[in-house]
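Colleague: Quick one: structure below, then a few questions.
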Amino acid sequence: MRYLPLTLDDRREMLAAIGVGSIDDLFADVPSAARREGLLDLPLAQGELEVERALSRMAAKNMVAGAVPFFIGAGAYRHHMPAAVDHLIQRGEFLTSYTPYQPEMAQGTLQALFEFQTQVALVTRMDVANASLYDGATACAEAVAMAHRITRRGKAILSGALHPHYRTVCQTYAQFSGLQVEALKPTPGRADPIDIDGDTACIVVQYPDFFGELRDCSALATRCRQAGALLIVVVTEMVALGAVTPPGEMGADIVAGEGQSIGNALNFGGPYVGLFATREQHVRQMPGRLAGQTVDADGRRGWVLTLSTREQHIRREKATSNICTNSGLCALAFTIHLALLGEAGLTRLAQLNHAAACNLADRLAALPGVRLVSECFFNEFVLRLPMAAASAVAALADRGVLGGVPLSRFYPEREELADLLLVAATETATGNDIDAYEAALREVLR
């Protein structure tokens, strides 16, 4: 973003043009609880060079993922990204192209989206996938809204092991649709007691769940079908699908996911890429875009935008979704990385992740007072410590190890979870990293 400050006269003129008295009036619809009182602890005005120096000093205080042993997950994961991914997405024909409003003119973009959809459908074992959404959380909320449209029922039940951020996004969406959202209590290490009644539109579960646990959804899928509800399976760690049973094989009706793990590095929370797949009978209720393959008048293969929910200009409030763009460049990065891996490569990558996590879990659980809460996991698990997990994480950081995420960060009101630590290990965790973690945690727990 360019550094282009406005004068007071500029601001007054702009406010007058839109008919408000002050900048504060622009935020009248933002709840007071979400606003910050007063100014940030920053100088009121500095030159560009001074601002760059100040921000550089602040950034230098960060402990970045690649600089120290790193074991943080909780929905965003550090994986190795091949250099070819970044190189290819920066080619001009990809980097400068955007949503194809005249789709048939952008055959390369449409083909890339078609390949992306094919990959997502294959790894999830679903019938059809769209051309990406914003991120995993909004994909989850769109899945709940889609289930509401299909079943015409008024309640969505969210597993207690669904990522808390995904839960809050679903609740935000539901405020404006009349849908009741029932979020179950988080119980790490235990399955949810789910009661499906005649008003239940969908059950939303995560796989692997927020606490790293893997649970077979087949029986739940059967119960949903018998009750006329849909089963939505959320996947935040797509690498797991290289080793575990895909949601489609367990009977999922909709799969919503986050594609960051493949092709997209950690990046301050985004931009990431939302994945969405469903059964063929529900395709016309699916949000986003669907690129399809066809032939032209001369029989040559080509691609078209088969379905699009950017119908606001025609159907307005009757449109199936307000999604009006897709994470095209991030989806392309996903496609390139997965194409480079291939089926065997994805399986091997998943095996490396699982092996690293098992090694780390065994090492840490052997320390005095530490207990492994998770029983069946992929590359993320929960430990119970003999001290507050937040204090342990801070002490580990002082020793140059980013040791995980305390569950108290997500559930501050749940005192019984204060000693639980969520830890992730991917293929980037070396033997030396695991040694360093074990030694640092042993020292912290003395």
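By convention here, the chains of the structure tokens are called A, B, ... in the order presented, each chain's residues are numbered starting at 1, and ligands are numbered starting at 1 in the order presented.
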Region 146-150 of chain A: which residues within 7 Å, counting only C-alpha atoms, same-chain residues fewer than 3 positions away excluded, as a PyMOL selection string?
Modeller: chain A and resi 142-143+153-154+201-202+230+285-286
Colleague: Can you pull out the residues contacting region 384-397 of chain A? Cut-off 8 Å, using only C-alpha atoms, and skip same-chain residues under 2 positions away; I want them as a list of chain:residue names.
Modeller: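 In the requested form, the answer reads A:Gly369, A:Val370, A:Arg371, A:Leu372, A:Val373, A:Val382, A:Arg399, A:Gly400, A:Val401, A:Leu402, A:Gly403, A:Gly404, A:Val405, A:Pro406, A:Leu407, A:Ser408, A:Arg409, A:Ala418, A:Asp419, A:Leu420, A:Leu421, A:Ala440, A:Leu441, A:Val444, A:Leu445.
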Colleague: Thr428 (chain A): which residues within 8 Å, counting only C-alpha atoms, same-chain residues fewer than 3 positions away excluded, as a PDB file with N, CA and C atoms, in the first residue's frame?
Modeller:
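And here's part09.pdb as it stands now:
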```pdb
ATOM      1  N   ARG A  78       2.718 -25.380   9.126  1.00  0.00           N
ATOM      2  CA  ARG A  78       3.946 -25.107   8.384  1.00  0.00           C
ATOM      3  C   ARG A  78       4.376 -26.359   7.634  1.00  0.00           C
ATOM      4  N   HIS A  79       4.382 -26.258   6.312  1.00  0.00           N
ATOM      5  CA  HIS A  79       4.864 -27.332   5.448  1.00  0.00           C
ATOM      6  C   HIS A  79       5.910 -26.766   4.495  1.00  0.00           C
ATOM      7  N   HIS A  80       6.700 -27.663   3.935  1.00  0.00           N
ATOM      8  CA  HIS A  80       7.674 -27.234   2.925  1.00  0.00           C
ATOM      9  C   HIS A  80       6.948 -26.937   1.624  1.00  0.00           C
ATOM     10  N   ALA A 425       3.226 -31.305  14.697  1.00  0.00           N
ATOM     11  CA  ALA A 425       4.535 -31.600  14.111  1.00  0.00           C
ATOM     12  C   ALA A 425       4.329 -32.007  12.654  1.00  0.00           C
TER      13      ALA A 425
END
```
Colleague: Could you name the residues that touch region 353-363 of chain A at 9 Å or less, counting only C-alpha atoms, but leaving out those on the same chain fewer than 5 positions away, as an mmCIF file with N, CA and C atoms, in the first residue's frame?
Modeller:
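New file result.cif:
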```cif
data_model
loop_
_atom_site.group_PDB
_atom_site.id
_atom_site.type_symbol
_atom_site.label_atom_id
_atom_site.label_comp_id
_atom_site.auth_asym_id
_atom_site.auth_seq_id
_atom_site.Cartn_x
_atom_site.Cartn_y
_atom_site.Cartn_z
ATOM 1 N N VAL A 239 -3.294 -32.255 4.264
ATOM 2 C CA VAL A 239 -2.263 -33.283 4.106
ATOM 3 C C VAL A 239 -2.721 -34.596 4.725
ATOM 4 N N ALA A 240 -3.568 -34.518 5.734
ATOM 5 C CA ALA A 240 -4.063 -35.731 6.392
ATOM 6 C C ALA A 240 -4.758 -36.666 5.420
ATOM 7 N N ALA A 243 -3.392 -39.944 4.053
ATOM 8 C CA ALA A 243 -3.189 -41.137 4.874
ATOM 9 C C ALA A 243 -4.460 -41.692 5.489
ATOM 10 N N ARG A 348 3.166 -40.133 0.900
ATOM 11 C CA ARG A 348 4.459 -40.113 1.597
ATOM 12 C C ARG A 348 4.571 -38.893 2.511
ATOM 13 N N LEU A 372 -0.409 -37.624 27.557
ATOM 14 C CA LEU A 372 -0.968 -37.488 26.211
ATOM 15 C C LEU A 372 -2.479 -37.698 26.291
ATOM 16 N N PHE A 377 -4.463 -39.737 16.436
ATOM 17 C CA PHE A 377 -4.233 -38.425 15.840
ATOM 18 C C PHE A 377 -3.395 -38.551 14.581
ATOM 19 N N PHE A 378 -3.349 -37.449 13.823
ATOM 20 C CA PHE A 378 -2.545 -37.418 12.595
ATOM 21 C C PHE A 378 -1.221 -36.700 12.851
ATOM 22 N N ASN A 379 -1.211 -35.379 12.828
ATOM 23 C CA ASN A 379 0.045 -34.676 13.109
ATOM 24 C C ASN A 379 -0.120 -33.609 14.185
ATOM 25 N N GLU A 380 -1.208 -33.731 14.957
ATOM 26 C CA GLU A 380 -1.485 -32.747 15.998
ATOM 27 C C GLU A 380 -2.126 -33.461 17.175
ATOM 28 N N PHE A 381 -1.772 -33.056 18.384
ATOM 29 C CA PHE A 381 -2.264 -33.766 19.567
ATOM 30 C C PHE A 381 -2.298 -32.819 20.764
ATOM 31 N N VAL A 382 -3.003 -33.251 21.821
ATOM 32 C CA VAL A 382 -3.141 -32.459 23.039
ATOM 33 C C VAL A 382 -2.366 -33.126 24.170
ATOM 34 N N LEU A 383 -1.594 -32.318 24.887
ATOM 35 C CA LEU A 383 -0.882 -32.763 26.076
ATOM 36 C C LEU A 383 -1.477 -32.096 27.309
ATOM 37 N N VAL A 423 -0.305 -29.319 20.263
ATOM 38 C CA VAL A 423 1.020 -29.373 19.634
ATOM 39 C C VAL A 423 0.905 -29.999 18.252
ATOM 40 N N ALA A 424 1.605 -29.442 17.267
ATOM 41 C CA ALA A 424 1.603 -29.982 15.903
ATOM 42 C C ALA A 424 3.037 -30.231 15.452
ATOM 43 N N ALA A 425 3.226 -31.305 14.697
ATOM 44 C CA ALA A 425 4.535 -31.600 14.111
ATOM 45 C C ALA A 425 4.329 -32.007 12.654
ATOM 46 N N THR A 426 4.970 -31.306 11.745
ATOM 47 C CA THR A 426 4.878 -31.634 10.323
ATOM 48 C C THR A 426 6.218 -32.169 9.844
ATOM 49 N N GLU A 427 6.308 -32.368 8.520
ATOM 50 C CA GLU A 427 7.570 -32.875 7.956
ATOM 51 C C GLU A 427 8.720 -31.900 8.133
ATOM 52 N N THR A 428 8.424 -30.645 8.484
ATOM 53 C CA THR A 428 9.489 -29.652 8.674
ATOM 54 C C THR A 428 10.164 -29.787 10.034
ATOM 55 N N ALA A 429 9.596 -30.577 10.942
ATOM 56 C CA ALA A 429 10.198 -30.778 12.264
ATOM 57 C C ALA A 429 11.306 -31.814 12.161
ATOM 58 N N THR A 430 12.533 -31.384 12.349
ATOM 59 C CA THR A 430 13.676 -32.282 12.242
ATOM 60 C C THR A 430 13.910 -33.006 13.568
ATOM 61 N N GLY A 431 14.786 -33.996 13.530
ATOM 62 C CA GLY A 431 15.167 -34.682 14.759
ATOM 63 C C GLY A 431 15.769 -33.727 15.770
ATOM 64 N N ILE A 434 13.004 -31.771 17.487
ATOM 65 C CA ILE A 434 12.323 -32.564 18.518
ATOM 66 C C ILE A 434 13.195 -32.699 19.753
ATOM 67 N N ASP A 435 14.500 -32.897 19.554
ATOM 68 C CA ASP A 435 15.432 -32.942 20.697
ATOM 69 C C ASP A 435 15.378 -31.630 21.478
ATOM 70 N N TYR A 437 12.950 -29.451 21.630
ATOM 71 C CA TYR A 437 11.666 -29.300 22.330
ATOM 72 C C TYR A 437 11.679 -30.122 23.615
ATOM 73 N N GLU A 438 12.085 -31.373 23.511
ATOM 74 C CA GLU A 438 12.095 -32.234 24.696
ATOM 75 C C GLU A 438 12.980 -31.646 25.796
#
```
Colleague: Can you tell me, as a VMD selection string, which residues in region 36-104 of chain A count as alpha helix (DSSP H) by DSSP?
Modeller: chain A and resid 48 to 59 83 to 89 92 to 95
Colleague: So that I have them on file, write out the residues from the current selection with C-alpha atoms, as a PDB file, in the first residue's frame.
Modeller:
```
ATOM      1  CA  GLU A  48       8.061   7.450   5.457  1.00  0.00           C
ATOM      2  CA  LEU A  49      11.669   6.566   6.309  1.00  0.00           C
ATOM      3  CA  GLU A  50      10.958   6.850  10.034  1.00  0.00           C
ATOM      4  CA  VAL A  51       7.868   4.677   9.696  1.00  0.00           C
ATOM      5  CA  GLU A  52       9.872   1.985   7.879  1.00  0.00           C
ATOM      6  CA  ARG A  53      12.525   2.006  10.585  1.00  0.00           C
ATOM      7  CA  ALA A  54       9.947   1.859  13.395  1.00  0.00           C
ATOM      8  CA  LEU A  55       8.067  -1.036  11.786  1.00  0.00           C
ATOM      9  CA  SER A  56      11.313  -2.895  11.107  1.00  0.00           C
ATOM     10  CA  ARG A  57      12.261  -2.631  14.782  1.00  0.00           C
ATOM     11  CA  MET A  58       8.854  -3.959  15.773  1.00  0.00           C
ATOM     12  CA  ALA A  59       9.030  -6.822  13.259  1.00  0.00           C
ATOM     13  CA  ALA A  83      10.231 -23.341  -5.072  1.00  0.00           C
ATOM     14  CA  ALA A  84       8.385 -24.249  -8.290  1.00  0.00           C
ATOM     15  CA  VAL A  85       5.068 -23.229  -6.714  1.00  0.00           C
ATOM     16  CA  ASP A  86       6.067 -19.618  -6.103  1.00  0.00           C
ATOM     17  CA  HIS A  87       7.842 -19.409  -9.460  1.00  0.00           C
ATOM     18  CA  LEU A  88       4.858 -20.612 -11.479  1.00  0.00           C
ATOM     19  CA  ILE A  89       2.142 -18.562  -9.773  1.00  0.00           C
ATOM     20  CA  GLY A  92       2.232 -12.990 -15.779  1.00  0.00           C
ATOM     21  CA  GLU A  93      -0.645 -14.990 -17.241  1.00  0.00           C
ATOM     22  CA  PHE A  94      -1.545 -16.213 -13.745  1.00  0.00           C
ATOM     23  CA  LEU A  95      -0.491 -13.326 -11.515  1.00  0.00           C
TER      24      LEU A  95
END
```
Colleague: Leaving out region 20-24 of chain A and any residue of its chain fewer than 4 positions from it, which residues lie within 12 Å of it when counting only C-alpha atoms, given as a VMD selection string?
Modeller: chain A and resid 8 11 to 16 28 to 30 32 35 to 38
Colleague: Could you name the residues that touch region 266-271 of chain A at 12 Å or less, counting only C-alpha atoms, but leaving out those on the same chain fewer than 2 positions away, as a PyMOL selection string?
Modeller: chain A and resi 62+64-66+70+72-81+133-137+165+258-264+273-274+326-331+333
Colleague: Could those selected residues go to a file with N, CA and C atoms, as a short mmCIF file (atom, residue, chain, number, x, y, z; two decimals), in the first residue's frame?
Modeller:
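Written out: out_38.cif:
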```cif
data_model
loop_
_atom_site.label_atom_id
_atom_site.label_comp_id
_atom_site.auth_asym_id
_atom_site.auth_seq_id
_atom_site.Cartn_x
_atom_site.Cartn_y
_atom_site.Cartn_z
N ASN A 62 9.63 -10.30 16.48
CA ASN A 62 8.90 -11.54 16.22
C ASN A 62 9.84 -12.73 16.16
N VAL A 64 9.99 -15.89 14.14
CA VAL A 64 9.31 -16.40 12.94
C VAL A 64 9.42 -17.91 12.84
N ALA A 65 8.51 -18.49 12.07
CA ALA A 65 8.36 -19.94 12.02
C ALA A 65 9.63 -20.66 11.57
N GLY A 66 10.33 -20.13 10.59
CA GLY A 66 11.49 -20.84 10.05
C GLY A 66 12.77 -20.65 10.82
N PHE A 70 9.55 -25.30 15.51
CA PHE A 70 8.20 -24.76 15.37
C PHE A 70 7.19 -25.89 15.46
N ILE A 72 3.58 -25.23 16.13
CA ILE A 72 2.26 -24.58 16.22
C ILE A 72 1.39 -25.04 15.05
N GLY A 73 0.12 -25.36 15.36
CA GLY A 73 -0.84 -25.75 14.33
C GLY A 73 -2.14 -25.00 14.52
N ALA A 74 -3.15 -25.69 15.06
CA ALA A 74 -4.45 -25.08 15.38
C ALA A 74 -5.13 -24.48 14.16
N GLY A 75 -5.02 -25.15 13.01
CA GLY A 75 -5.74 -24.71 11.82
C GLY A 75 -4.89 -24.11 10.73
N ALA A 76 -3.63 -23.81 11.01
CA ALA A 76 -2.69 -23.31 9.99
C ALA A 76 -1.35 -24.00 10.25
N TYR A 77 -0.77 -24.60 9.21
CA TYR A 77 0.34 -25.53 9.42
C TYR A 77 1.54 -25.17 8.54
N ARG A 78 2.72 -25.38 9.13
CA ARG A 78 3.95 -25.11 8.38
C ARG A 78 4.38 -26.36 7.63
N HIS A 79 4.38 -26.26 6.31
CA HIS A 79 4.86 -27.33 5.45
C HIS A 79 5.91 -26.77 4.49
N HIS A 80 6.70 -27.66 3.94
CA HIS A 80 7.67 -27.23 2.92
C HIS A 80 6.95 -26.94 1.62
N MET A 81 7.21 -25.76 1.06
CA MET A 81 6.62 -25.37 -0.22
C MET A 81 7.70 -25.41 -1.30
N LEU A 133 -13.24 -21.02 -2.34
CA LEU A 133 -13.88 -19.94 -1.59
C LEU A 133 -12.79 -19.16 -0.87
N TYR A 134 -13.21 -18.23 0.00
CA TYR A 134 -12.23 -17.34 0.63
C TYR A 134 -11.25 -18.09 1.53
N ASP A 135 -11.79 -18.88 2.46
CA ASP A 135 -10.95 -19.62 3.41
C ASP A 135 -11.80 -20.72 4.04
N GLY A 136 -11.19 -21.50 4.93
CA GLY A 136 -11.90 -22.61 5.53
C GLY A 136 -13.08 -22.21 6.38
N ALA A 137 -12.95 -21.11 7.14
CA ALA A 137 -14.03 -20.70 8.04
C ALA A 137 -15.27 -20.27 7.26
N HIS A 165 -12.73 -20.63 15.72
CA HIS A 165 -12.92 -19.56 14.75
C HIS A 165 -13.98 -19.92 13.72
N GLU A 258 -9.89 -26.03 4.51
CA GLU A 258 -8.87 -25.02 4.34
C GLU A 258 -7.70 -25.64 3.58
N GLY A 259 -7.34 -25.03 2.45
CA GLY A 259 -6.29 -25.59 1.60
C GLY A 259 -4.91 -25.05 1.86
N GLN A 260 -4.72 -24.29 2.93
CA GLN A 260 -3.44 -23.64 3.19
C GLN A 260 -2.27 -24.61 3.23
N SER A 261 -2.51 -25.81 3.77
CA SER A 261 -1.41 -26.76 3.97
C SER A 261 -0.72 -27.16 2.67
N ILE A 262 -1.43 -27.05 1.56
CA ILE A 262 -0.87 -27.47 0.28
C ILE A 262 -0.67 -26.24 -0.60
N GLY A 263 0.58 -25.89 -0.85
CA GLY A 263 0.91 -24.81 -1.77
C GLY A 263 0.91 -23.42 -1.18
N ASN A 264 0.42 -23.24 0.04
CA ASN A 264 0.29 -21.91 0.62
C ASN A 264 0.98 -21.85 1.97
N VAL A 273 -7.12 -20.39 1.20
CA VAL A 273 -8.04 -20.84 0.14
C VAL A 273 -9.05 -21.81 0.72
N GLY A 274 -10.34 -21.48 0.55
CA GLY A 274 -11.40 -22.34 1.04
C GLY A 274 -11.74 -23.43 0.04
N ASN A 326 -13.20 -15.76 -5.89
CA ASN A 326 -12.57 -16.97 -5.37
C ASN A 326 -11.08 -16.70 -5.17
N SER A 327 -10.45 -17.53 -4.38
CA SER A 327 -9.03 -17.35 -4.08
C SER A 327 -8.21 -17.97 -5.20
N GLY A 328 -8.28 -17.36 -6.38
CA GLY A 328 -7.72 -17.98 -7.59
C GLY A 328 -6.24 -18.27 -7.52
N LEU A 329 -5.44 -17.31 -7.05
CA LEU A 329 -4.00 -17.51 -7.04
C LEU A 329 -3.61 -18.56 -5.99
N CYS A 330 -4.28 -18.52 -4.83
CA CYS A 330 -4.00 -19.51 -3.79
C CYS A 330 -4.46 -20.90 -4.24
N ALA A 331 -5.59 -20.96 -4.97
CA ALA A 331 -6.05 -22.23 -5.51
C ALA A 331 -5.06 -22.78 -6.53
N ALA A 333 -1.82 -22.22 -6.51
CA ALA A 333 -0.68 -22.73 -5.74
C ALA A 333 -0.98 -24.12 -5.19
#
```
Colleague: Using only C-alpha atoms, which residues sit within 9 Å of Pro164 (chain A) once same-chain residues fewer than 5 positions away are excluded, as a PyMOL selection string?
Modeller: chain A and resi 169+210+410-411
Colleague: Have a look at A:Ala365, A:Leu40, A:Thr294, A:Ser374 and name the one nearest to Thr187 (chain A); count only C-alpha atoms.
Modeller: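 Smallest separation from Thr187 (chain A) among the options: A:Ser374.
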Colleague: Have a look at CA of Gln351 (chain A) and CA of Leu241 (chain A) and let me know their distance in Å, one decimal.
Modeller: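 CA of Gln351 (chain A) sits 10.6 Å away from CA of Leu241 (chain A).
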